[in-house]
file input.cif (mmCIF, C-alpha atoms)
data_data
#
loop_
_atom_site.label_atom_id
_atom_site.label_comp_id
_atom_site.auth_asym_id
_atom_site.auth_seq_id
_atom_site.Cartn_x
_atom_site.Cartn_y
_atom_site.Cartn_z
CA MET A 81 0.00 0.00 0.00
CA GLU A 82 2.79 2.44 0.88
CA LYS A 83 4.15 2.27 -2.68
CA GLU A 84 0.94 3.93 -3.82
CA LEU A 85 1.27 6.82 -1.39
CA ARG A 86 2.16 10.21 -2.79
CA THR A 87 5.52 11.85 -2.18
CA PHE A 88 8.09 14.03 -3.93
CA LYS A 89 10.54 12.32 -6.27
CA LYS A 90 13.98 13.88 -5.79
CA GLY A 91 16.04 13.17 -2.67
CA GLY A 92 14.78 13.05 0.89
CA ILE A 93 15.74 11.00 3.93
CA HIS A 94 14.17 8.90 6.69
CA PRO A 95 15.58 10.00 10.07
CA PRO A 96 14.31 8.35 13.28
CA GLU A 97 10.90 9.87 13.97
CA ARG A 98 11.03 9.96 17.79
CA LYS A 99 7.45 11.20 17.91
CA GLU A 100 6.48 8.47 20.36
CA TYR A 101 7.41 10.73 23.28
CA THR A 102 4.52 13.13 22.67
CA GLU A 103 2.25 11.96 19.83
CA HIS A 104 -0.31 10.50 22.24
CA LEU A 105 -0.18 13.39 24.73
CA ALA A 106 -3.23 15.66 24.56
CA ILE A 107 -2.62 19.41 24.37
CA GLU A 108 -2.23 20.77 27.88
CA ASP A 109 -2.81 24.36 29.01
CA MET A 110 0.14 25.74 30.95
CA PRO A 111 -0.75 28.13 33.79
CA LEU A 112 -0.16 31.77 32.95
CA PRO A 113 3.37 32.97 33.78
CA LYS A 114 4.08 35.91 36.07
CA GLU A 115 5.54 37.86 33.17
CA VAL A 116 6.03 37.54 29.42
CA ASP A 117 8.59 38.90 26.96
CA ILE A 118 6.92 39.79 23.66
CA LEU A 119 9.52 39.94 20.89
CA LEU A 120 9.02 42.70 18.33
CA SER A 121 10.38 40.38 15.63
CA GLN A 122 8.26 37.23 15.37
CA HIS A 123 7.82 37.20 11.63
CA PHE A 124 9.50 37.51 8.25
CA GLY A 125 9.98 41.21 7.53
CA ALA A 126 10.51 44.46 9.39
CA TRP A 127 10.56 44.63 13.17
CA CYS A 128 7.58 46.09 14.97
CA LYS A 129 7.74 49.48 16.64
CA PRO A 130 6.42 49.55 20.24
CA LEU A 131 3.07 51.28 20.65
CA VAL A 132 3.25 51.33 24.46
CA LYS A 133 5.61 52.75 27.05
CA LYS A 134 6.87 51.61 30.41
CA LYS A 135 4.22 51.37 33.17
CA ASP A 136 1.33 51.40 30.68
CA ARG A 137 -1.50 49.00 31.50
CA VAL A 138 -2.39 46.62 28.69
CA GLU A 139 -5.23 44.17 28.28
CA GLU A 140 -4.90 40.71 26.73
CA GLY A 141 -5.24 41.09 22.98
CA ASP A 142 -4.18 44.76 22.79
CA ILE A 143 -1.87 45.60 19.90
CA ILE A 144 1.44 46.64 21.50
CA GLY A 145 3.69 46.65 18.43
CA ASP A 146 3.16 47.20 14.72
CA VAL A 147 5.14 47.58 11.51
CA GLU A 148 5.17 51.14 10.16
CA LYS A 149 6.65 50.36 6.74
CA GLY A 150 7.34 47.18 4.80
CA LEU A 151 6.38 43.57 5.32
CA GLY A 152 5.39 42.43 8.79
CA ALA A 153 2.70 41.62 11.34
CA CYS A 154 1.53 43.26 14.53
CA VAL A 155 2.09 41.76 17.99
CA HIS A 156 -0.32 41.69 20.91
CA ALA A 157 -0.25 41.58 24.68
CA SER A 158 -0.67 37.91 25.57
CA VAL A 159 -1.67 38.69 29.17
CA THR A 160 -3.29 41.55 31.06
CA GLY A 161 -0.92 43.61 33.17
CA ALA A 162 1.60 46.45 33.21
CA VAL A 163 4.50 47.11 30.86
CA LYS A 164 7.52 46.40 33.02
CA ASP A 165 10.21 47.17 30.48
CA ILE A 166 10.92 47.89 26.83
CA GLY A 167 14.30 46.33 26.22
CA SER A 168 15.66 43.26 24.43
CA SER A 169 15.38 39.48 24.70
CA PRO A 170 17.37 36.51 23.32
CA HIS A 171 16.71 35.32 19.77
CA PRO A 172 18.10 32.06 18.30
CA LEU A 173 19.18 33.70 15.03
CA LEU A 174 19.54 37.41 15.68
CA VAL A 175 21.18 37.04 19.14
CA SER A 176 18.78 39.57 20.65
CA VAL A 177 15.85 41.67 19.44
CA PRO A 178 13.73 44.44 20.97
CA SER A 179 11.00 43.19 23.26
CA ILE A 180 8.24 44.33 25.57
CA THR A 181 8.07 42.77 29.04
CA ILE A 182 4.62 42.61 30.63
CA GLU A 183 4.10 41.81 34.31
CA ARG A 184 0.82 39.96 34.56
CA ASP A 185 -1.98 41.25 36.78
CA GLN A 186 -2.67 38.10 38.77
CA GLU A 187 -6.11 39.38 39.76
CA ALA A 188 -7.25 39.97 36.18
CA GLU A 189 -9.72 37.53 34.66
CA ARG A 190 -8.95 35.80 31.38
CA LYS A 191 -10.47 37.46 28.36
CA GLU A 192 -13.49 35.78 26.80
CA TYR A 193 -13.92 35.77 23.03
CA LYS A 194 -17.44 35.62 21.62
CA LYS A 195 -18.26 33.48 18.60
CA GLU A 196 -19.61 35.17 15.46
CA ASP A 197 -20.96 33.98 12.13
CA TRP A 198 -18.48 34.73 9.35
CA HIS A 199 -20.45 33.75 6.25
CA ASN A 200 -21.72 37.26 5.49
CA LEU A 201 -18.30 38.90 5.76
CA SER A 202 -16.64 40.11 2.56
CA ARG A 203 -13.21 38.93 1.43
CA GLU A 204 -11.77 42.29 2.54
CA GLU A 205 -13.33 41.96 5.99
CA LEU A 206 -11.98 38.41 6.37
CA LEU A 207 -8.50 39.53 5.35
CA SER A 208 -8.70 42.47 7.74
CA ARG A 209 -9.42 40.16 10.67
CA VAL A 210 -6.48 37.95 9.69
CA LYS A 211 -4.18 40.99 9.54
CA LYS A 212 -5.41 42.49 12.82
CA ALA A 213 -4.81 39.13 14.53
CA GLY A 214 -1.11 39.26 13.61
CA ILE A 215 -1.16 35.81 12.03
CA VAL A 216 2.03 34.52 10.42
CA GLY A 217 3.18 31.14 9.13
CA MET A 218 3.31 29.17 12.36
CA GLY A 219 5.24 26.25 10.96
CA GLY A 220 8.42 28.27 11.36
CA ALA A 221 8.68 30.53 8.32
CA GLY A 222 6.74 33.39 9.90
CA PHE A 223 5.57 34.94 6.62
CA PRO A 224 2.64 37.36 7.24
CA THR A 225 -0.51 35.44 6.39
CA HIS A 226 -2.59 38.37 5.14
CA VAL A 227 0.08 38.97 2.48
CA LYS A 228 0.21 35.30 1.51
CA LEU A 229 -3.56 35.26 1.09
CA SER A 230 -3.37 38.20 -1.33
CA PRO A 231 -1.59 36.73 -4.36
CA PRO A 232 -1.31 38.89 -7.50
CA PRO A 233 -4.24 38.48 -9.95
CA GLU A 234 -1.95 37.03 -12.63
CA ALA A 235 -1.10 34.11 -10.29
CA LYS A 236 -4.41 32.36 -11.07
CA VAL A 237 -4.46 30.34 -7.85
CA ASP A 238 -6.81 27.34 -8.04
CA THR A 239 -5.63 25.08 -5.21
CA LEU A 240 -5.07 25.38 -1.46
CA ILE A 241 -2.86 22.87 0.36
CA ILE A 242 -2.92 22.58 4.15
CA ASN A 243 0.39 21.26 5.42
CA GLY A 244 -0.22 18.45 7.90
CA ALA A 245 2.96 16.54 7.03
CA GLU A 246 4.90 17.60 10.16
CA CYS A 247 7.91 15.63 8.95
CA GLU A 248 10.43 16.96 11.50
CA PRO A 249 11.38 14.34 14.12
CA TYR A 250 10.03 14.83 17.67
CA LEU A 251 7.44 17.51 16.75
CA THR A 252 3.77 16.60 17.22
CA VAL A 253 1.98 19.96 17.49
CA ASP A 254 0.14 19.75 14.16
CA HIS A 255 -0.63 16.07 14.81
CA ARG A 256 -2.39 16.88 18.08
CA LEU A 257 -4.19 19.92 16.60
CA MET A 258 -5.64 17.71 13.84
CA VAL A 259 -6.73 15.04 16.32
CA GLU A 260 -8.25 17.46 18.83
CA HIS A 261 -9.47 20.35 16.66
CA ALA A 262 -10.27 18.87 13.24
CA PRO A 263 -13.70 20.60 12.81
CA GLU A 264 -12.15 24.00 13.56
CA ILE A 265 -9.33 23.38 11.08
CA VAL A 266 -11.84 22.46 8.37
CA GLU A 267 -13.77 25.65 9.11
CA GLY A 268 -10.50 27.55 8.80
CA ILE A 269 -9.91 25.90 5.42
CA LYS A 270 -13.32 27.09 4.23
CA ILE A 271 -12.48 30.63 5.36
CA ILE A 272 -9.17 30.56 3.46
CA LEU A 273 -10.86 29.19 0.33
CA THR A 274 -13.43 31.99 0.57
CA ILE A 275 -10.69 34.62 0.86
CA LEU A 276 -8.91 33.15 -2.17
CA GLY A 277 -12.15 32.82 -4.11
CA ILE A 278 -11.58 29.15 -4.95
CA LYS A 279 -13.22 25.83 -4.04
CA ARG A 280 -10.47 23.19 -4.05
CA GLY A 281 -8.32 22.36 -1.06
CA TYR A 282 -6.24 19.42 0.14
CA VAL A 283 -4.85 18.43 3.52
CA GLY A 284 -1.59 16.51 3.14
CA ILE A 285 -0.85 14.21 6.10
CA GLU A 286 1.90 11.62 6.42
CA VAL A 287 0.63 8.12 7.20
CA ASN A 288 2.48 7.95 10.52
CA LYS A 289 -0.48 9.96 11.87
CA PRO A 290 -3.42 7.57 11.24
CA ASP A 291 -5.59 9.13 13.96
CA ALA A 292 -5.09 12.59 12.43
CA ILE A 293 -6.04 11.26 8.98
CA GLU A 294 -9.15 9.67 10.49
CA GLU A 295 -10.27 12.80 12.37
CA MET A 296 -9.60 15.17 9.49
CA SER A 297 -11.37 12.86 7.00
CA LYS A 298 -14.38 12.71 9.30
CA ALA A 299 -14.47 16.49 9.75
CA VAL A 300 -14.15 17.08 5.99
CA LYS A 301 -16.97 14.65 5.27
CA GLU A 302 -19.25 16.34 7.80
CA ASN A 303 -18.49 19.98 7.04
CA SER A 304 -17.16 20.67 3.54
CA GLU A 305 -20.44 21.37 1.80
CA GLY A 306 -19.94 23.77 -1.08
CA PHE A 307 -16.20 23.14 -1.22
CA ASP A 308 -14.01 20.42 -2.74
CA ILE A 309 -11.77 19.46 0.20
CA GLY A 310 -9.81 16.21 0.35
CA VAL A 311 -7.41 14.53 2.76
CA VAL A 312 -4.30 13.16 1.02
CA PRO A 313 -2.29 10.44 2.84
CA LEU A 314 1.43 10.88 2.14
CA LYS A 315 4.42 8.59 2.36
CA VAL A 316 6.65 9.28 5.34
CA LYS A 317 9.71 11.11 4.03
CA TYR A 318 11.63 14.16 5.17
CA PRO A 319 11.38 17.07 4.14
CA GLN A 320 7.83 16.50 2.89
CA GLY A 321 6.60 19.50 4.86
CA SER A 322 8.59 21.90 2.70
CA GLU A 323 6.26 23.86 0.41
CA LYS A 324 7.80 22.84 -2.91
CA GLN A 325 8.06 19.17 -1.95
CA LEU A 326 4.51 19.13 -0.56
CA ILE A 327 3.09 20.74 -3.69
CA GLU A 328 4.78 18.11 -5.86
CA ALA A 329 3.58 15.29 -3.62
CA VAL A 330 -0.05 16.43 -3.51
CA THR A 331 -0.58 17.90 -6.99
CA GLY A 332 2.35 16.72 -9.12
CA ARG A 333 3.14 20.35 -9.96
CA LYS A 334 6.75 21.54 -9.67
CA VAL A 335 7.54 25.05 -8.49
CA PRO A 336 10.34 26.46 -10.68
CA ALA A 337 13.72 27.49 -9.28
CA PHE A 338 13.38 30.80 -7.41
CA GLY A 339 9.63 30.56 -7.99
CA LEU A 340 6.80 30.74 -5.45
CA PRO A 341 3.87 28.34 -4.92
CA PHE A 342 1.41 30.73 -6.56
CA ASP A 343 3.47 30.48 -9.74
CA VAL A 344 1.89 27.02 -10.16
CA GLY A 345 -1.51 28.10 -8.86
CA VAL A 346 -1.09 26.91 -5.26
CA ILE A 347 -1.19 28.49 -1.80
CA VAL A 348 0.13 26.47 1.17
CA GLN A 349 -0.83 27.05 4.80
CA ASN A 350 0.24 25.33 8.00
CA ILE A 351 -2.22 23.51 10.29
CA GLY A 352 -1.58 25.89 13.20
CA THR A 353 -1.93 28.90 10.92
CA THR A 354 -5.25 27.57 9.62
CA ARG A 355 -6.62 27.20 13.13
CA ALA A 356 -5.38 30.69 14.03
CA ILE A 357 -7.31 32.02 11.02
CA TYR A 358 -10.41 30.24 12.33
CA GLU A 359 -10.00 31.88 15.75
CA ALA A 360 -9.28 35.31 14.27
CA VAL A 361 -12.35 35.30 12.02
CA ILE A 362 -14.83 33.47 14.26
CA PHE A 363 -13.79 34.94 17.64
CA ASN A 364 -11.82 38.08 16.72
CA LYS A 365 -8.99 36.47 18.69
CA PRO A 366 -5.42 37.56 17.95
CA VAL A 367 -2.37 35.33 18.24
CA VAL A 368 -1.75 35.39 22.00
CA GLU A 369 -0.91 31.71 22.51
CA LYS A 370 0.90 28.89 20.77
CA VAL A 371 0.93 25.10 21.05
CA VAL A 372 4.51 23.88 21.43
CA THR A 373 6.00 20.38 21.63
CA ILE A 374 8.42 20.01 24.53
CA SER A 375 10.36 16.80 23.98
CA GLY A 376 13.64 14.93 24.27
CA LYS A 377 15.16 12.77 27.00
CA GLY A 378 16.69 15.81 28.70
CA ILE A 379 13.39 17.10 30.16
CA LYS A 380 11.72 15.26 33.02
CA ARG A 381 8.25 15.43 31.46
CA GLN A 382 7.48 15.77 27.76
CA ALA A 383 4.31 17.58 26.70
CA ASN A 384 2.34 19.37 24.02
CA LEU A 385 1.75 22.67 25.77
CA ARG A 386 -0.52 25.58 24.94
CA VAL A 387 1.41 28.57 26.28
CA ARG A 388 1.09 32.32 26.06
CA ILE A 389 3.33 34.10 23.58
CA GLY A 390 6.32 35.47 25.47
CA THR A 391 6.47 32.68 28.06
CA LYS A 392 10.12 32.04 28.92
CA LEU A 393 11.61 28.57 28.54
CA LYS A 394 12.76 28.59 32.15
CA ASP A 395 9.12 28.85 33.27
CA ILE A 396 8.19 25.93 31.01
CA VAL A 397 11.07 23.85 32.38
CA GLU A 398 10.01 24.59 35.94
CA TYR A 399 6.40 23.62 35.14
CA LEU A 400 7.53 20.30 33.65
CA GLY A 401 9.71 19.35 36.60
CA GLY A 402 13.12 20.48 35.38
CA THR A 403 15.80 18.97 33.19
CA THR A 404 17.73 15.72 33.61
CA PRO A 405 21.41 15.60 34.67
CA ASP A 406 22.50 14.27 31.26
CA LEU A 407 21.05 17.21 29.25
CA LYS A 408 23.55 18.25 26.56
CA LYS A 409 21.76 20.58 24.16
CA VAL A 410 18.57 22.66 23.92
CA VAL A 411 17.18 23.19 20.42
CA VAL A 412 14.38 25.55 19.39
CA GLY A 413 12.45 23.90 16.55
CA GLY A 414 13.08 20.42 15.20
CA PRO A 415 16.44 18.61 15.16
CA MET A 416 16.81 19.05 11.38
CA MET A 417 16.08 22.77 10.96
CA GLY A 418 16.11 24.08 14.52
CA PHE A 419 18.71 26.18 16.32
CA ALA A 420 20.65 25.39 19.48
CA ILE A 421 20.33 28.00 22.21
CA SER A 422 22.46 28.82 25.23
CA THR A 423 19.88 30.33 27.59
CA LEU A 424 16.48 29.40 28.97
CA ASP A 425 15.50 33.08 28.99
CA PHE A 426 14.38 32.59 25.39
CA PRO A 427 10.65 33.47 25.05
CA ILE A 428 8.12 31.49 23.01
CA THR A 429 7.13 33.23 19.78
CA LYS A 430 4.42 32.73 17.17
CA ILE A 431 6.76 30.53 15.12
CA THR A 432 8.09 28.32 17.92
CA SER A 433 6.94 24.81 16.97
CA GLY A 434 8.91 22.92 19.58
CA VAL A 435 11.76 22.96 22.08
CA LEU A 436 13.94 19.87 22.38
CA PHE A 437 16.01 18.95 25.42
CA LEU A 438 18.53 16.48 24.06
CA THR A 439 20.91 14.12 25.83
CA GLU A 440 24.25 12.87 24.53
CA ASP A 441 22.75 9.79 22.86
CA GLU A 442 20.33 12.02 20.89
CA ILE A 443 22.94 14.31 19.33
CA ASP A 444 26.09 13.97 17.23
CA LEU A 445 29.28 15.11 18.95
CA TYR A 446 31.79 13.88 16.36
CA GLU A 447 34.24 16.33 14.82
CA TYR A 448 33.81 16.76 11.10
CA LYS A 449 36.35 15.69 8.49
CA PRO A 450 37.19 16.60 4.87
CA CYS A 451 34.76 15.74 2.07
CA ILE A 452 35.39 12.23 0.68
CA ARG A 453 33.37 12.83 -2.52
CA CYS A 454 30.92 10.01 -1.75
CA GLY A 455 27.99 11.83 -3.36
CA PHE A 456 25.51 10.96 -0.58
CA CYS A 457 24.55 14.62 -0.15
CA LEU A 458 23.80 14.92 -3.87
CA GLU A 459 21.40 11.98 -3.67
CA ALA A 460 19.70 13.27 -0.52
CA CYS A 461 19.22 16.90 -1.57
CA PRO A 462 15.51 17.40 -2.48
CA MET A 463 16.42 20.45 -4.56
CA GLY A 464 19.06 18.72 -6.68
CA LEU A 465 21.86 21.03 -5.49
CA GLN A 466 25.58 20.43 -4.84
CA PRO A 467 26.09 20.84 -1.08
CA ASN A 468 29.53 19.21 -1.22
CA GLU A 469 30.89 21.87 -3.59
CA ILE A 470 29.34 24.67 -1.53
CA GLY A 471 31.13 23.38 1.58
CA ILE A 472 34.45 23.00 -0.21
CA TYR A 473 34.28 26.50 -1.69
CA VAL A 474 33.35 28.05 1.67
CA GLU A 475 36.29 26.34 3.36
CA ALA A 476 38.56 27.57 0.58
CA GLY A 477 37.50 31.18 1.16
CA ARG A 478 35.52 31.37 -2.09
CA ALA A 479 32.01 31.55 -0.61
CA GLU A 480 31.01 34.35 -2.99
CA GLU A 481 31.26 31.84 -5.86
CA THR A 482 28.75 29.33 -4.46
CA ALA A 483 25.70 30.62 -6.35
CA GLN A 484 26.70 28.35 -9.26
CA PHE A 485 26.04 25.33 -7.03
CA GLY A 486 22.54 26.48 -6.01
CA VAL A 487 23.25 28.05 -2.63
CA PHE A 488 20.30 30.47 -2.95
CA GLU A 489 17.86 27.68 -3.82
CA CYS A 490 18.66 25.81 -0.60
CA PHE A 491 16.02 26.01 2.16
CA GLU A 492 18.39 24.48 4.74
CA CYS A 493 16.50 21.25 5.39
CA GLY A 494 19.65 19.50 6.63
CA CYS A 495 19.36 16.32 4.53
CA CYS A 496 22.92 16.76 3.25
CA ALA A 497 24.43 17.09 6.72
CA TYR A 498 22.39 14.14 7.99
CA VAL A 499 23.72 11.68 5.41
CA CYS A 500 27.33 12.94 5.35
CA PRO A 501 29.70 10.21 6.63
CA SER A 502 32.33 12.88 7.36
CA LYS A 503 29.82 14.71 9.61
CA ARG A 504 30.43 17.95 7.74
CA PRO A 505 28.32 20.96 8.89
CA LEU A 506 27.00 21.54 5.40
CA VAL A 507 24.02 23.67 6.46
CA GLN A 508 26.34 26.03 8.32
CA PHE A 509 28.58 26.21 5.26
CA ILE A 510 25.54 27.00 3.12
CA ARG A 511 24.46 29.82 5.46
CA ILE A 512 27.94 31.33 5.25
CA GLY A 513 27.84 30.90 1.48
CA LYS A 514 24.54 32.76 1.21
CA MET A 515 25.71 35.59 3.41
CA LYS A 516 28.97 36.17 1.55
CA ALA A 517 27.55 35.57 -1.93
CA LYS A 518 24.92 38.25 -1.27
CA ARG A 519 27.65 40.74 -0.44
CA ALA A 520 29.69 39.92 -3.54
#

call {"tool": "encode", "arguments": {"input": "input.cif", "output": "structure tokens"}}
result
Amino acid sequence: MEKELRTFKKGGIHPPERKEYTEHLAIEDMPLPKEVDILLSQHFGAWCKPLVKKKDRVEEGDIIGDVEKGLGACVHASVTGAVKDIGSSPHPLLVSVPSITIERDQEAERKEYKKEDWHNLSREELLSRVKKAGIVGMGGAGFPTHVKLSPPPEAKVDTLIINGAECEPYLTVDHRLMVEHAPEIVEGIKIILTILGIKRGYVGIEVNKPDAIEEMSKAVKENSEGFDIGVVPLKVKYPQGSEKQLIEAVTGRKVPAFGLPFDVGVIVQNIGTTRAIYEAVIFNKPVVEKVVTISGKGIKRQANLRVRIGTKLKDIVEYLGGTTPDLKKVVVGGPMMGFAISTLDFPITKITSGVLFLTEDEIDLYEYKPCIRCGFCLEACPMGLQPNEIGIYVEAGRAEETAQFGVFECFECGCCAYVCPSKRPLVQFIRIGKMKAKRA
């Protein structure tokens, strides 16, 4: 049966899934923290400018930062309280970014959001609610959703794909959302289709999530009247959750080099993003919370937690009973595309999909060696690039010449580094190559 399952053709790998730690754990609400740090950069694009000042009182859901010019998304107060500070907080890529610290009013009641009927709202009104909610791609890319849902007219979009692949090892956020909130996700799909003015949508789910396939298929059958929505079981293969690979797997269409999904008539949205759209349109609820997988052998209790945006990792660790003595590395995101961090002061953002607490037997501590020209990375690369040459050129001080090997087409999935017998840090080489080639 698996031979008949859809997948992309070029490259890909099969790392250990390690989803068994959390895939059967229901989403759990973490108690509200005493304070939150709201980063002013939680999205692709320009940083937000603060709209509040120190000692101001803010209510849950208030807009506290917005982008004045350029691409971006607003940020909201995730708790009710007083602005304690406007300073900076740790960031896994940018070292630190401006942030707003809110001290929660422990006497304040949680905000209630009232349900509304959305069917009479215009496309512009639906898009406005998505924008005001500050929704971005919650799978990790962080691209502003209201922009993504406004493709140029010449794009001729005819298909929506909802990304339920969740191919990264350890992570089970989308899995649990599909199992526990399938009807809401389907309603979110209908809202997106209405905004795009099309009828056809697919939900691509890898077959290692049979309960998610069952729940989503049931919800589609019961609530897709007027729309052509289908659930597509996919072969388990990393990086199937990447947009270009998912589009090929589900539709057979291939996005051209340097092209975008709408170039082949497709828009892709993440499961978490789709549910956030549902909440924004139905309840006028902004993005104030995020479901995050906390996993790995280095934490005493694994969980799928619903936490407020800005909750610090140290508060999550304390809630889950602390770390184990053999903890070696903390990674924000999945093990393939995530980033190691050095502090637990890091706050949860809209794009935090998971935090992994890894022990020595879960990570690779070997020193890397020279390239042996085995070609494994060429076979594994889903984009058909030459990671080996990029690494060699970077080491030789010729990083500005790596564009010829496809450095700018790489989306840093990590397949090349995973299969390399010399344990070469090819993704790091590629990042250096991009940076220096851009300056050339």

call {"tool": "resolve_selection", "arguments": {"input": "input.cif", "expression": "the PyMOL selection byres ((chain A and resi 169) around 9)", "output": "number ranges by chain"}}
result
A: 117-119, 167-168, 170-171, 175-180, 425-427

call {"tool": "residues_around", "arguments": {"input": "input.cif", "residues": "Tyr318 (chain A)", "least_positions_apart": "6", "cutoff": "10 Å", "atoms": "all atoms listed in the file", "output": "list in words"}}
result
Thr87, Phe88, Gly91, Gly92, Ile93, His94, Pro95, Glu97, Ala245, Glu246, Cys247, Glu248, Pro249, Gln325, Met416, Ala460, Pro462, Cys493, Gly494 and Cys495 of chain A

call {"tool": "resolve_selection", "arguments": {"input": "input.cif", "expression": "the PyMOL selection byres ((chain A and resi 161) around 7)", "output": "tab-separated table (two decimals) with C-alpha atoms, in the frame of the given file"}}
result
chain	number	residue	atom	x	y	z
A	137	ARG	CA	-1.50	49.00	31.50
A	138	VAL	CA	-2.39	46.62	28.69
A	139	GLU	CA	-5.23	44.17	28.28
A	159	VAL	CA	-1.67	38.69	29.17
A	160	THR	CA	-3.29	41.55	31.06
A	162	ALA	CA	1.60	46.45	33.21
A	163	VAL	CA	4.50	47.11	30.86
A	182	ILE	CA	4.62	42.61	30.63
A	183	GLU	CA	4.10	41.81	34.31
A	184	ARG	CA	0.82	39.96	34.56
A	185	ASP	CA	-1.98	41.25	36.78

call {"tool": "closest_residue", "arguments": {"input": "input.cif", "among": "A:Val266, A:Ile241, A:Ile357, A:Val253", "to": "Leu326 (chain A)", "atoms": "only C-alpha atoms"}}
result
A:Ile241

call {"tool": "closest_residue", "arguments": {"input": "input.cif", "among": "A:Asn468, A:Thr373, A:Asn288, A:Ser202", "to": "Leu314 (chain A)", "atoms": "only C-alpha atoms"}}
result
A:Asn288

call {"tool": "closest_residue", "arguments": {"input": "input.cif", "among": "A:Glu369, A:Asp291, A:Glu189, A:Glu196", "to": "Val155 (chain A)", "atoms": "all atoms listed in the file"}}
result
A:Glu369

call {"tool": "resolve_selection", "arguments": {"input": "input.cif", "expression": "the PyMOL selection byres ((chain A and resi 500-505) around 7)", "output": "NGL selection string"}}
result
:A and (448-451 or 456-457 or 496-499 or 506-509)

call {"tool": "atom_distance", "arguments": {"input": "input.cif", "atom1": "CA of Pro233 (chain A)", "atom2": "CA of Val361 (chain A)"}}
result
23.6 Å

call {"tool": "atom_distance", "arguments": {"input": "input.cif", "atom1": "CA of Arg381 (chain A)", "atom2": "CA of Pro111 (chain A)"}}
result
15.7 Å

call {"tool": "atom_distance", "arguments": {"input": "input.cif", "atom1": "CA of Val412 (chain A)", "atom2": "CA of Lys289 (chain A)"}}
result
22.8 Å

call {"tool": "closest_residue", "arguments": {"input": "input.cif", "among": "A:Ala188, A:Asp444, A:Pro96, A:Thr181", "to": "Lys135 (chain A)", "atoms": "only C-alpha atoms"}}
result
A:Thr181

call {"tool": "closest_residue", "arguments": {"input": "input.cif", "among": "A:Gly217, A:Pro467, A:Pro366, A:Gly477", "to": "Lys191 (chain A)", "atoms": "all atoms listed in the file"}}
result
A:Pro366

call {"tool": "residues_around", "arguments": {"input": "input.cif", "residues": "Val330 (chain A)", "least_positions_apart": "4", "cutoff": "12 Å", "atoms": "only C-alpha atoms", "output": "PyMOL selection string"}}
result
chain A and resi 85-89+239-245+281-286+310-315+320-326+334+346+348

call {"tool": "closest_residue", "arguments": {"input": "input.cif", "among": "A:Ala356, A:Met417, A:Ile428, A:Ile362", "to": "Asp395 (chain A)", "atoms": "only C-alpha atoms"}}
result
A:Ile428

call {"tool": "decode", "arguments": {"input": "input.cif", "residues": "region 399-413 of chain A", "atoms": "C-alpha atoms", "output": "compact mmCIF listing (two decimals), in the first residue's frame"}}
result
# COMPACT_ATOMS: atom_id res chain seq x y z
CA TYR A 399 6.40 23.62 35.14
CA LEU A 400 7.53 20.30 33.65
CA GLY A 401 9.71 19.35 36.60
CA GLY A 402 13.12 20.48 35.38
CA THR A 403 15.80 18.97 33.19
CA THR A 404 17.73 15.72 33.61
CA PRO A 405 21.41 15.60 34.67
CA ASP A 406 22.50 14.27 31.26
CA LEU A 407 21.05 17.21 29.25
CA LYS A 408 23.55 18.25 26.56
CA LYS A 409 21.76 20.58 24.16
CA VAL A 410 18.57 22.66 23.92
CA VAL A 411 17.18 23.19 20.42
CA VAL A 412 14.38 25.55 19.39
CA GLY A 413 12.45 23.90 16.55
